[in-house]
file run.cif (mmCIF, C-alpha atoms)
data_upload
#
loop_
_atom_site.group_PDB
_atom_site.id
_atom_site.type_symbol
_atom_site.label_atom_id
_atom_site.label_comp_id
_atom_site.auth_asym_id
_atom_site.auth_seq_id
_atom_site.Cartn_x
_atom_site.Cartn_y
_atom_site.Cartn_z
ATOM 1 C CA MET A 860 40.174 10.342 55.042
ATOM 2 C CA ASP A 861 42.485 13.014 53.674
ATOM 3 C CA GLU A 862 41.477 16.273 52.033
ATOM 4 C CA ASN A 863 41.788 14.976 48.465
ATOM 5 C CA GLN A 864 39.551 12.003 49.170
ATOM 6 C CA THR A 865 37.012 14.277 50.810
ATOM 7 C CA GLU A 866 37.033 16.459 47.709
ATOM 8 C CA MET A 867 36.456 13.414 45.501
ATOM 9 C CA VAL A 868 33.484 12.409 47.615
ATOM 10 C CA ARG A 869 31.930 15.848 47.429
ATOM 11 C CA ASN A 870 32.321 16.392 43.694
ATOM 12 C CA PHE A 871 31.860 14.490 40.462
ATOM 13 C CA VAL A 872 33.553 15.366 37.195
ATOM 14 C CA LEU A 873 31.307 15.048 34.150
ATOM 15 C CA ALA A 874 33.070 13.773 31.050
ATOM 16 C CA GLY A 875 32.930 16.170 28.126
ATOM 17 C CA PHE A 876 32.030 15.364 24.542
ATOM 18 C CA SER A 877 35.369 16.476 23.180
ATOM 19 C CA GLN A 878 38.731 17.865 24.262
ATOM 20 C CA THR A 879 38.517 20.456 21.478
ATOM 21 C CA PRO A 880 36.951 23.762 22.644
ATOM 22 C CA SER A 881 35.639 24.613 19.167
ATOM 23 C CA ILE A 882 33.718 21.322 18.958
ATOM 24 C CA GLU A 883 32.171 21.851 22.385
ATOM 25 C CA ALA A 884 31.261 25.422 21.402
ATOM 26 C CA GLY A 885 29.502 24.057 18.328
ATOM 27 C CA LEU A 886 27.669 21.489 20.468
ATOM 28 C CA PHE A 887 26.646 24.288 22.832
ATOM 29 C CA VAL A 888 24.959 26.149 19.977
ATOM 30 C CA LEU A 889 23.291 22.941 18.744
ATOM 31 C CA PHE A 890 21.985 21.866 22.169
ATOM 32 C CA LEU A 891 20.883 25.421 22.958
ATOM 33 C CA PHE A 892 18.818 25.358 19.757
ATOM 34 C CA PHE A 893 17.314 22.017 20.813
ATOM 35 C CA TYR A 894 16.491 23.363 24.283
ATOM 36 C CA MET A 895 14.912 26.576 22.965
ATOM 37 C CA SER A 896 12.903 24.541 20.448
ATOM 38 C CA THR A 897 11.735 22.302 23.301
ATOM 39 C CA TRP A 898 10.479 25.324 25.217
ATOM 40 C CA VAL A 899 8.790 26.927 22.216
ATOM 41 C CA GLY A 900 7.129 23.718 20.992
ATOM 42 C CA ASN A 901 5.871 22.448 24.344
ATOM 43 C CA VAL A 902 4.714 25.840 25.616
ATOM 44 C CA LEU A 903 2.892 26.367 22.315
ATOM 45 C CA ILE A 904 1.041 23.069 22.729
ATOM 46 C CA MET A 905 0.121 23.854 26.349
ATOM 47 C CA VAL A 906 -1.161 27.323 25.447
ATOM 48 C CA THR A 907 -3.033 25.981 22.417
ATOM 49 C CA VAL A 908 -4.778 23.249 24.415
ATOM 50 C CA ALA A 909 -5.643 25.659 27.250
ATOM 51 C CA SER A 910 -7.025 28.342 24.910
ATOM 52 C CA ASP A 911 -9.130 26.119 22.637
ATOM 53 C CA ASN A 912 -12.451 24.999 24.121
ATOM 54 C CA TYR A 913 -12.642 21.808 22.072
ATOM 55 C CA LEU A 914 -9.079 20.696 22.768
ATOM 56 C CA ASN A 915 -9.345 21.600 26.440
ATOM 57 C CA SER A 916 -12.479 19.499 26.858
ATOM 58 C CA SER A 917 -11.004 16.493 25.016
ATOM 59 C CA PRO A 918 -9.321 13.856 27.232
ATOM 60 C CA MET A 919 -6.665 13.134 24.597
ATOM 61 C CA TYR A 920 -5.572 16.760 24.322
ATOM 62 C CA PHE A 921 -5.806 17.306 28.062
ATOM 63 C CA LEU A 922 -3.300 14.453 28.450
ATOM 64 C CA LEU A 923 -1.213 15.877 25.593
ATOM 65 C CA GLY A 924 -0.966 19.204 27.407
ATOM 66 C CA ASN A 925 0.257 17.391 30.508
ATOM 67 C CA LEU A 926 2.767 15.429 28.424
ATOM 68 C CA SER A 927 4.156 18.697 27.040
ATOM 69 C CA PHE A 928 4.577 20.016 30.587
ATOM 70 C CA LEU A 929 6.440 16.840 31.563
ATOM 71 C CA ASP A 930 8.658 17.084 28.471
ATOM 72 C CA LEU A 931 9.507 20.653 29.425
ATOM 73 C CA CYS A 932 10.371 19.632 32.990
ATOM 74 C CA TYR A 933 12.323 16.590 31.833
ATOM 75 C CA SER A 934 14.536 18.575 29.494
ATOM 76 C CA THR A 935 15.049 21.337 32.061
ATOM 77 C CA VAL A 936 16.368 18.893 34.679
ATOM 78 C CA THR A 937 19.596 18.193 32.779
ATOM 79 C CA THR A 938 19.991 20.472 29.736
ATOM 80 C CA PRO A 939 20.927 23.744 31.538
ATOM 81 C CA LYS A 940 23.746 21.942 33.360
ATOM 82 C CA LEU A 941 24.825 20.311 30.095
ATOM 83 C CA LEU A 942 24.956 23.705 28.368
ATOM 84 C CA ALA A 943 26.928 25.256 31.231
ATOM 85 C CA ASP A 944 29.459 22.413 31.172
ATOM 86 C CA LEU A 945 30.048 22.826 27.445
ATOM 87 C CA LEU A 946 31.381 26.315 28.229
ATOM 88 C CA ASN A 947 33.284 25.250 31.342
ATOM 89 C CA ASN A 948 36.542 23.324 31.370
ATOM 90 C CA GLU A 949 36.108 21.918 34.897
ATOM 91 C CA LYS A 950 32.625 20.363 34.454
ATOM 92 C CA LEU A 951 32.125 19.754 38.179
ATOM 93 C CA ILE A 952 28.902 18.897 39.979
ATOM 94 C CA ARG A 953 28.608 18.632 43.752
ATOM 95 C CA TYR A 954 27.457 15.350 45.240
ATOM 96 C CA ASP A 955 24.261 16.845 46.692
ATOM 97 C CA GLN A 956 23.438 18.564 43.385
ATOM 98 C CA CYS A 957 24.010 15.283 41.580
ATOM 99 C CA ILE A 958 21.586 13.440 43.873
ATOM 100 C CA VAL A 959 18.915 16.143 43.524
ATOM 101 C CA GLN A 960 19.287 16.177 39.734
ATOM 102 C CA LEU A 961 19.050 12.386 39.544
ATOM 103 C CA PHE A 962 15.961 12.452 41.769
ATOM 104 C CA PHE A 963 14.087 14.849 39.504
ATOM 105 C CA LEU A 964 15.343 13.078 36.380
ATOM 106 C CA HIS A 965 13.751 9.819 37.534
ATOM 107 C CA PHE A 966 10.733 11.559 39.064
ATOM 108 C CA VAL A 967 9.727 13.301 35.843
ATOM 109 C CA GLY A 968 10.928 10.474 33.576
ATOM 110 C CA ALA A 969 8.891 7.786 35.347
ATOM 111 C CA ALA A 970 5.857 10.103 35.496
ATOM 112 C CA GLU A 971 6.118 10.500 31.713
ATOM 113 C CA MET A 972 6.285 6.722 31.265
ATOM 114 C CA PHE A 973 3.102 6.284 33.268
ATOM 115 C CA LEU A 974 1.392 9.146 31.444
ATOM 116 C CA LEU A 975 2.232 7.630 28.048
ATOM 117 C CA THR A 976 0.622 4.411 29.284
ATOM 118 C CA VAL A 977 -2.469 6.404 30.286
ATOM 119 C CA MET A 978 -2.550 7.977 26.816
ATOM 120 C CA ALA A 979 -2.456 4.501 25.254
ATOM 121 C CA TYR A 980 -5.449 3.498 27.409
ATOM 122 C CA ASP A 981 -7.228 6.675 26.278
ATOM 123 C CA ARG A 982 -6.726 5.726 22.619
ATOM 124 C CA TYR A 983 -7.918 2.184 23.323
ATOM 125 C CA VAL A 984 -11.168 3.439 24.852
ATOM 126 C CA ALA A 985 -11.664 6.049 22.111
ATOM 127 C CA ILE A 986 -11.293 3.537 19.266
ATOM 128 C CA CYS A 987 -12.642 0.310 20.771
ATOM 129 C CA ARG A 988 -15.441 1.786 22.920
ATOM 130 C CA PRO A 989 -16.350 5.052 21.193
ATOM 131 C CA LEU A 990 -19.929 5.215 22.512
ATOM 132 C CA HIS A 991 -18.699 5.109 26.113
ATOM 133 C CA TYR A 992 -15.573 7.208 25.597
ATOM 134 C CA THR A 993 -16.741 10.477 27.141
ATOM 135 C CA THR A 994 -18.322 8.620 30.053
ATOM 136 C CA ILE A 995 -15.256 6.530 30.836
ATOM 137 C CA MET A 996 -12.600 9.174 30.191
ATOM 138 C CA SER A 997 -14.220 11.901 32.248
ATOM 139 C CA ARG A 998 -12.233 14.955 33.341
ATOM 140 C CA GLY A 999 -12.235 13.636 36.900
ATOM 141 C CA LEU A 1000 -10.702 10.308 35.848
ATOM 142 C CA CYS A 1001 -8.154 12.062 33.645
ATOM 143 C CA CYS A 1002 -7.042 14.241 36.556
ATOM 144 C CA MET A 1003 -6.777 11.194 38.792
ATOM 145 C CA LEU A 1004 -4.700 9.323 36.206
ATOM 146 C CA VAL A 1005 -2.378 12.308 35.746
ATOM 147 C CA ALA A 1006 -1.986 12.624 39.523
ATOM 148 C CA ALA A 1007 -1.309 8.872 39.759
ATOM 149 C CA SER A 1008 1.403 9.233 37.094
ATOM 150 C CA TRP A 1009 3.125 11.935 39.116
ATOM 151 C CA MET A 1010 2.781 9.908 42.307
ATOM 152 C CA GLY A 1011 4.180 6.803 40.602
ATOM 153 C CA GLY A 1012 7.162 8.827 39.398
ATOM 154 C CA PHE A 1013 7.742 10.173 42.900
ATOM 155 C CA VAL A 1014 7.676 6.712 44.491
ATOM 156 C CA HIS A 1015 9.972 5.282 41.803
ATOM 157 C CA SER A 1016 12.501 8.094 42.162
ATOM 158 C CA THR A 1017 12.431 7.929 45.953
ATOM 159 C CA VAL A 1018 13.326 4.236 45.814
ATOM 160 C CA GLN A 1019 16.168 4.953 43.384
ATOM 161 C CA MET A 1020 17.624 7.676 45.589
ATOM 162 C CA ILE A 1021 17.337 5.623 48.797
ATOM 163 C CA LEU A 1022 19.403 2.928 47.113
ATOM 164 C CA THR A 1023 21.954 5.486 45.892
ATOM 165 C CA ILE A 1024 22.571 7.770 48.878
ATOM 166 C CA HIS A 1025 23.641 4.910 51.148
ATOM 167 C CA LEU A 1026 26.567 4.015 48.875
ATOM 168 C CA PRO A 1027 30.046 5.279 49.824
ATOM 169 C CA PHE A 1028 31.835 7.361 47.170
ATOM 170 C CA CYS A 1029 35.564 7.735 47.777
ATOM 171 C CA GLY A 1030 36.898 7.877 44.235
ATOM 172 C CA PRO A 1031 37.295 7.802 41.287
ATOM 173 C CA ASN A 1032 34.868 10.616 40.538
ATOM 174 C CA HIS A 1033 34.631 10.850 36.712
ATOM 175 C CA VAL A 1034 31.092 10.235 35.407
ATOM 176 C CA THR A 1035 30.905 9.123 31.779
ATOM 177 C CA SER A 1036 27.258 10.155 31.309
ATOM 178 C CA PHE A 1037 24.736 11.757 33.605
ATOM 179 C CA ASP A 1038 22.490 8.973 34.842
ATOM 180 C CA VAL A 1039 22.229 6.555 37.745
ATOM 181 C CA PRO A 1040 24.191 3.566 36.284
ATOM 182 C CA PRO A 1041 27.518 5.397 35.738
ATOM 183 C CA VAL A 1042 27.203 7.078 39.151
ATOM 184 C CA ILE A 1043 26.628 3.732 40.871
ATOM 185 C CA LYS A 1044 29.760 2.314 39.217
ATOM 186 C CA LEU A 1045 31.840 4.907 41.119
ATOM 187 C CA ALA A 1046 30.858 3.566 44.551
ATOM 188 C CA CYS A 1047 33.742 2.045 46.483
ATOM 189 C CA ALA A 1048 31.635 -0.926 47.608
ATOM 190 C CA ASP A 1049 30.095 -4.057 46.162
ATOM 191 C CA THR A 1050 27.095 -2.775 44.191
ATOM 192 C CA PHE A 1051 25.888 -6.087 42.734
ATOM 193 C CA VAL A 1052 22.711 -6.245 44.845
ATOM 194 C CA ILE A 1053 22.023 -2.518 44.358
ATOM 195 C CA GLU A 1054 22.429 -2.912 40.606
ATOM 196 C CA LEU A 1055 19.987 -5.819 40.544
ATOM 197 C CA LEU A 1056 17.457 -3.820 42.571
ATOM 198 C CA MET A 1057 17.803 -0.802 40.297
ATOM 199 C CA VAL A 1058 17.533 -2.868 37.135
ATOM 200 C CA SER A 1059 14.457 -4.513 38.637
ATOM 201 C CA ASN A 1060 13.035 -1.087 39.483
ATOM 202 C CA SER A 1061 13.867 1.058 36.431
ATOM 203 C CA GLY A 1062 14.196 -1.765 33.913
ATOM 204 C CA LEU A 1063 10.961 -3.429 34.983
ATOM 205 C CA ILE A 1064 8.996 -0.182 34.880
ATOM 206 C CA SER A 1065 10.271 0.860 31.449
ATOM 207 C CA THR A 1066 10.010 -2.593 29.865
ATOM 208 C CA SER A 1067 6.609 -3.497 31.339
ATOM 209 C CA SER A 1068 5.160 -0.087 30.429
ATOM 210 C CA PHE A 1069 6.473 -0.481 26.894
ATOM 211 C CA VAL A 1070 4.938 -3.970 26.613
ATOM 212 C CA VAL A 1071 1.594 -2.662 27.914
ATOM 213 C CA LEU A 1072 1.693 0.167 25.381
ATOM 214 C CA LEU A 1073 2.455 -2.116 22.449
ATOM 215 C CA SER A 1074 -0.217 -4.584 23.609
ATOM 216 C CA SER A 1075 -2.763 -1.789 23.801
ATOM 217 C CA TYR A 1076 -2.044 -0.531 20.283
ATOM 218 C CA SER A 1077 -1.907 -4.090 18.908
ATOM 219 C CA THR A 1078 -5.296 -4.842 20.464
ATOM 220 C CA ILE A 1079 -6.716 -1.752 18.794
ATOM 221 C CA LEU A 1080 -5.554 -2.921 15.359
ATOM 222 C CA VAL A 1081 -6.743 -6.498 15.912
ATOM 223 C CA LYS A 1082 -10.233 -5.425 16.973
ATOM 224 C CA ILE A 1083 -10.702 -3.218 13.921
ATOM 225 C CA ARG A 1084 -11.631 -5.388 10.945
ATOM 226 C CA SER A 1085 -11.958 -2.920 8.079
ATOM 227 C CA LYS A 1086 -8.954 -1.574 6.210
ATOM 228 C CA GLU A 1087 -10.339 1.952 6.398
ATOM 229 C CA GLY A 1088 -10.797 1.640 10.145
ATOM 230 C CA ARG A 1089 -7.248 0.379 10.597
ATOM 231 C CA ARG A 1090 -5.936 3.222 8.450
ATOM 232 C CA LYS A 1091 -7.703 5.766 10.653
ATOM 233 C CA ALA A 1092 -6.503 4.002 13.796
ATOM 234 C CA LEU A 1093 -2.910 4.070 12.549
ATOM 235 C CA ALA A 1094 -3.262 7.745 11.696
ATOM 236 C CA THR A 1095 -4.538 8.424 15.212
ATOM 237 C CA CYS A 1096 -2.053 6.224 17.068
ATOM 238 C CA GLY A 1097 0.948 6.696 14.786
ATOM 239 C CA SER A 1098 2.186 9.798 16.584
ATOM 240 C CA HIS A 1099 1.779 8.053 19.946
ATOM 241 C CA LEU A 1100 3.810 5.080 18.726
ATOM 242 C CA MET A 1101 6.604 7.324 17.480
ATOM 243 C CA VAL A 1102 6.799 9.160 20.821
ATOM 244 C CA VAL A 1103 6.678 5.885 22.755
ATOM 245 C CA THR A 1104 9.495 4.364 20.695
ATOM 246 C CA LEU A 1105 11.708 7.453 20.993
ATOM 247 C CA PHE A 1106 11.226 7.620 24.757
ATOM 248 C CA PHE A 1107 11.170 3.981 25.823
ATOM 249 C CA GLY A 1108 13.827 2.650 23.445
ATOM 250 C CA PRO A 1109 16.769 4.519 25.026
ATOM 251 C CA CYS A 1110 15.426 3.980 28.564
ATOM 252 C CA ILE A 1111 15.205 0.218 28.068
ATOM 253 C CA PHE A 1112 18.694 0.213 26.525
ATOM 254 C CA ILE A 1113 20.150 1.971 29.591
ATOM 255 C CA TYR A 1114 18.184 0.336 32.412
ATOM 256 C CA ALA A 1115 17.062 -3.114 31.292
ATOM 257 C CA ARG A 1116 20.588 -4.528 31.245
ATOM 258 C CA PRO A 1117 23.331 -5.064 33.829
ATOM 259 C CA PHE A 1118 25.231 -1.912 34.646
ATOM 260 C CA SER A 1119 28.083 -1.895 32.158
ATOM 261 C CA THR A 1120 29.471 1.048 30.230
ATOM 262 C CA PHE A 1121 29.118 1.281 26.467
ATOM 263 C CA SER A 1122 30.651 3.957 24.269
ATOM 264 C CA VAL A 1123 27.214 4.985 22.965
ATOM 265 C CA ASP A 1124 25.700 5.533 26.435
ATOM 266 C CA LYS A 1125 26.400 9.261 26.373
ATOM 267 C CA MET A 1126 24.708 9.749 23.000
ATOM 268 C CA VAL A 1127 21.741 7.625 24.097
ATOM 269 C CA SER A 1128 21.450 9.808 27.200
ATOM 270 C CA VAL A 1129 21.449 12.948 25.031
ATOM 271 C CA LEU A 1130 18.777 11.399 22.812
ATOM 272 C CA TYR A 1131 16.159 10.918 25.526
ATOM 273 C CA ASN A 1132 17.166 13.888 27.694
ATOM 274 C CA VAL A 1133 17.552 16.593 25.047
ATOM 275 C CA ILE A 1134 16.303 15.520 21.620
ATOM 276 C CA THR A 1135 13.142 13.517 22.376
ATOM 277 C CA PRO A 1136 11.430 16.329 24.378
ATOM 278 C CA MET A 1137 12.033 18.602 21.376
ATOM 279 C CA LEU A 1138 10.661 16.102 18.837
ATOM 280 C CA ASN A 1139 7.425 15.294 20.680
ATOM 281 C CA PRO A 1140 5.664 18.604 19.861
ATOM 282 C CA LEU A 1141 6.723 18.298 16.211
ATOM 283 C CA ILE A 1142 5.412 14.738 15.973
ATOM 284 C CA TYR A 1143 2.037 15.631 17.470
ATOM 285 C CA THR A 1144 1.501 18.873 15.565
ATOM 286 C CA LEU A 1145 2.687 17.710 12.141
ATOM 287 C CA ARG A 1146 0.391 14.668 12.210
ATOM 288 C CA ASN A 1147 -2.623 16.276 13.877
ATOM 289 C CA LYS A 1148 -5.014 18.493 11.918
ATOM 290 C CA GLU A 1149 -6.971 19.556 15.006
ATOM 291 C CA VAL A 1150 -3.889 20.857 16.817
ATOM 292 C CA LYS A 1151 -2.675 22.690 13.711
ATOM 293 C CA SER A 1152 -6.129 24.233 13.240
ATOM 294 C CA ALA A 1153 -6.232 25.366 16.874
ATOM 295 C CA MET A 1154 -2.744 26.868 16.524
ATOM 296 C CA ARG A 1155 -3.870 28.851 13.480
ATOM 297 C CA LYS A 1156 -6.869 30.166 15.429
ATOM 298 C CA LEU A 1157 -4.591 31.129 18.308
ATOM 299 C CA TRP A 1158 -2.255 32.922 15.917
ATOM 300 C CA ILE A 1159 -5.172 34.836 14.383
ATOM 301 C CA LYS A 1160 -6.316 35.872 17.868
ATOM 302 C CA ILE A 1161 -2.832 37.125 18.734
ATOM 303 C CA ILE A 1162 -2.595 39.137 15.500
ATOM 304 C CA THR A 1163 -6.113 40.544 15.968
ATOM 305 C CA PHE A 1164 -5.550 41.722 19.539
ATOM 306 C CA SER A 1165 -2.100 43.077 18.781
#

call {"tool": "encode", "arguments": {"input": "run.cif", "output": "structure tokens"}}
result
Amino acid sequence: MDENQTEMVRNFVLAGFSQTPSIEAGLFVLFLFFYMSTWVGNVLIMVTVASDNYLNSSPMYFLLGNLSFLDLCYSTVTTPKLLADLLNNEKLIRYDQCIVQLFFLHFVGAAEMFLLTVMAYDRYVAICRPLHYTTIMSRGLCCMLVAASWMGGFVHSTVQMILTIHLPFCGPNHVTSFDVPPVIKLACADTFVIELLMVSNSGLISTSSFVVLLSSYSTILVKIRSKEGRRKALATCGSHLMVVTLFFGPCIFIYARPFSTFSVDKMVSVLYNVITPMLNPLIYTLRNKEVKSAMRKLWIKIITFS
């Protein structure tokens, strides 16, 4: 293998959004605003839940605090590199960095899928079995379910990376969007079986989790007979459904189909890597009186002590 081939194996070139520097500079400012908003919103929710006795003792808000932490991690896996590349003409990433980044992308992403499923179960118990809610959703069980979500994400990502690192990469080295499917397409080997295994792994997890979530929320609405009860249930679960749709929709689009490249793949990747983690805190706070009330109390405490 000559020197140029070795270089192609060791580095990937990430495709930019535009060949015009001014457009990429504008996108840098936009994505930086999204990333800063993600930090501010998710950290605010975590601090609010941790500082408020009622929210901290509630299973739903305990899970919400963990979801905010996952959103923060998920955005941080890819956004800093994206921002750096918008200011850099070369847009290179080393092979080992690419593998590490993909590992954590799938680790945190799958953990968030499992946690959203846990949150749907929490809402099911709260609405359909309210008298047993505090007994069933104890703090011990919540911690176990959160730990299981992280462990599930770790196992999923480990499988993905084992399938990826054994592939030979000898060129070309231009990646259209930062995710596993476009990277796999660069392998200089027959990847049909690997693609099927990855679709079965990622696609099955995202699609089955989404079906379980929708079934859970549908069961809640079916079991509630009164219109007033359904209205309250929709008010409670509406924010969850919005978050679930924003997160699972793009994931299913990318992973629950054979690995082929579409022109919208890059924008879909930006949606669930950059924009969705920013929107989640807004969705939960704007539709939740208890969180907004706790934030006001926190703000009053900060002003008082300052």

call {"tool": "resolve_selection", "arguments": {"input": "run.cif", "expression": "the PyMOL selection byres ((chain A and resi 901) around 8)", "output": "ChimeraX atom specification"}}
result
/A:897-900,902-905,927-928,930-931,1137,1140

call {"tool": "closest_residue", "arguments": {"input": "run.cif", "among": "A:Ser1075, A:Ser1008, A:Thr907, A:Ser1036", "to": "A:Phe921", "atoms": "all atoms listed in the file"}}
result
A:Thr907

call {"tool": "resolve_selection", "arguments": {"input": "run.cif", "expression": "the PyMOL selection byres ((chain A and resi 967) around 8)", "output": "list in words"}}
result
Leu929, Cys932, Tyr933, Phe963, Leu964, His965, Phe966, Gly968, Ala969, Ala970, Glu971, Trp1009, Gly1012 and Phe1013 of chain A

call {"tool": "write_last_selection", "arguments": {"input": "run.cif", "atoms": "C-alpha atoms", "output": "PDB file, keeping the file's coordinate frame"}}
result
ATOM      1  CA  LEU A 929       6.440  16.840  31.563  1.00  0.00           C
ATOM      2  CA  CYS A 932      10.371  19.632  32.990  1.00  0.00           C
ATOM      3  CA  TYR A 933      12.323  16.590  31.833  1.00  0.00           C
ATOM      4  CA  PHE A 963      14.087  14.849  39.504  1.00  0.00           C
ATOM      5  CA  LEU A 964      15.343  13.078  36.380  1.00  0.00           C
ATOM      6  CA  HIS A 965      13.751   9.819  37.534  1.00  0.00           C
ATOM      7  CA  PHE A 966      10.733  11.559  39.064  1.00  0.00           C
ATOM      8  CA  GLY A 968      10.928  10.474  33.576  1.00  0.00           C
ATOM      9  CA  ALA A 969       8.891   7.786  35.347  1.00  0.00           C
ATOM     10  CA  ALA A 970       5.857  10.103  35.496  1.00  0.00           C
ATOM     11  CA  GLU A 971       6.118  10.500  31.713  1.00  0.00           C
ATOM     12  CA  TRP A1009       3.125  11.935  39.116  1.00  0.00           C
ATOM     13  CA  GLY A1012       7.162   8.827  39.398  1.00  0.00           C
ATOM     14  CA  PHE A1013       7.742  10.173  42.900  1.00  0.00           C
TER      15      PHE A1013
END

call {"tool": "closest_atom_pairs", "arguments": {"input": "run.cif", "of": "stretch 966-1019 of chain A", "to": "stretch 1097-1106 of chain A", "cutoff": "9 Å", "atoms": "all atoms listed in the file", "output": "CSV"}}
result
residue,atom,partner,partner_atom,distance
A:Met972,CA,A:Phe1106,CA,8.2
A:Leu975,CA,A:Val1103,CA,7.1
A:Met978,CA,A:His1099,CA,8.1
A:Ala979,CA,A:His1099,CA,7.7

call {"tool": "write_last_selection", "arguments": {"input": "run.cif", "atoms": "C-alpha atoms", "output": "PDB file, keeping the file's coordinate frame"}}
result
ATOM      1  CA  MET A 972       6.285   6.722  31.265  1.00  0.00           C
ATOM      2  CA  LEU A 975       2.232   7.630  28.048  1.00  0.00           C
ATOM      3  CA  MET A 978      -2.550   7.977  26.816  1.00  0.00           C
ATOM      4  CA  ALA A 979      -2.456   4.501  25.254  1.00  0.00           C
TER       5      ALA A 979
END

call {"tool": "resolve_selection", "arguments": {"input": "run.cif", "expression": "the PyMOL selection byres ((chain A and resi 883-894) around 12)", "output": "mmCIF file with C-alpha atoms, keeping the file's coordinate frame"}}
result
data_model
loop_
_atom_site.group_PDB
_atom_site.id
_atom_site.type_symbol
_atom_site.label_atom_id
_atom_site.label_comp_id
_atom_site.auth_asym_id
_atom_site.auth_seq_id
_atom_site.Cartn_x
_atom_site.Cartn_y
_atom_site.Cartn_z
ATOM 1 C CA ALA A 874 33.070 13.773 31.050
ATOM 2 C CA GLY A 875 32.930 16.170 28.126
ATOM 3 C CA PHE A 876 32.030 15.364 24.542
ATOM 4 C CA SER A 877 35.369 16.476 23.180
ATOM 5 C CA GLN A 878 38.731 17.865 24.262
ATOM 6 C CA THR A 879 38.517 20.456 21.478
ATOM 7 C CA PRO A 880 36.951 23.762 22.644
ATOM 8 C CA SER A 881 35.639 24.613 19.167
ATOM 9 C CA ILE A 882 33.718 21.322 18.958
ATOM 10 C CA MET A 895 14.912 26.576 22.965
ATOM 11 C CA SER A 896 12.903 24.541 20.448
ATOM 12 C CA THR A 897 11.735 22.302 23.301
ATOM 13 C CA TRP A 898 10.479 25.324 25.217
ATOM 14 C CA VAL A 899 8.790 26.927 22.216
ATOM 15 C CA GLY A 900 7.129 23.718 20.992
ATOM 16 C CA ASN A 901 5.871 22.448 24.344
ATOM 17 C CA ASP A 930 8.658 17.084 28.471
ATOM 18 C CA LEU A 931 9.507 20.653 29.425
ATOM 19 C CA CYS A 932 10.371 19.632 32.990
ATOM 20 C CA TYR A 933 12.323 16.590 31.833
ATOM 21 C CA SER A 934 14.536 18.575 29.494
ATOM 22 C CA THR A 935 15.049 21.337 32.061
ATOM 23 C CA VAL A 936 16.368 18.893 34.679
ATOM 24 C CA THR A 937 19.596 18.193 32.779
ATOM 25 C CA THR A 938 19.991 20.472 29.736
ATOM 26 C CA PRO A 939 20.927 23.744 31.538
ATOM 27 C CA LYS A 940 23.746 21.942 33.360
ATOM 28 C CA LEU A 941 24.825 20.311 30.095
ATOM 29 C CA LEU A 942 24.956 23.705 28.368
ATOM 30 C CA ALA A 943 26.928 25.256 31.231
ATOM 31 C CA ASP A 944 29.459 22.413 31.172
ATOM 32 C CA LEU A 945 30.048 22.826 27.445
ATOM 33 C CA LEU A 946 31.381 26.315 28.229
ATOM 34 C CA ASN A 947 33.284 25.250 31.342
ATOM 35 C CA ASN A 948 36.542 23.324 31.370
ATOM 36 C CA VAL A 1129 21.449 12.948 25.031
ATOM 37 C CA LEU A 1130 18.777 11.399 22.812
ATOM 38 C CA ASN A 1132 17.166 13.888 27.694
ATOM 39 C CA VAL A 1133 17.552 16.593 25.047
ATOM 40 C CA ILE A 1134 16.303 15.520 21.620
ATOM 41 C CA THR A 1135 13.142 13.517 22.376
ATOM 42 C CA PRO A 1136 11.430 16.329 24.378
ATOM 43 C CA MET A 1137 12.033 18.602 21.376
ATOM 44 C CA LEU A 1138 10.661 16.102 18.837
ATOM 45 C CA ASN A 1139 7.425 15.294 20.680
#

call {"tool": "residues_around", "arguments": {"input": "run.cif", "residues": "stretch 1000-1003 of chain A", "least_positions_apart": "4", "cutoff": "9 Å", "atoms": "all atoms listed in the file", "output": "CSV table (one decimal) with C-alpha atoms, in the frame of the given file"}}
result
chain,number,residue,atom,x,y,z
A,918,PRO,CA,-9.3,13.9,27.2
A,921,PHE,CA,-5.8,17.3,28.1
A,922,LEU,CA,-3.3,14.5,28.4
A,977,VAL,CA,-2.5,6.4,30.3
A,995,ILE,CA,-15.3,6.5,30.8
A,996,MET,CA,-12.6,9.2,30.2
A,1007,ALA,CA,-1.3,8.9,39.8
A,1008,SER,CA,1.4,9.2,37.1

call {"tool": "atom_distance", "arguments": {"input": "run.cif", "atom1": "atom CA of A:Asp1038", "atom2": "atom CA of A:Leu961"}}
result
6.8 Å

call {"tool": "axis_aligned_box", "arguments": {"input": "run.cif", "around": "stretch 1020-1031 of chain A", "padding_each_side": "8 Å", "output": "lines of an AutoDock Vina configuration file"}}
result
center_x = 27.3
center_y = 5.4
center_z = 46.2
size_x = 36.0
size_y = 20.9
size_z = 25.9

call {"tool": "atom_distance", "arguments": {"input": "run.cif", "atom1": "atom CA of A:Val1039", "atom2": "atom CA of A:Val1070"}}
result
23.1 Å
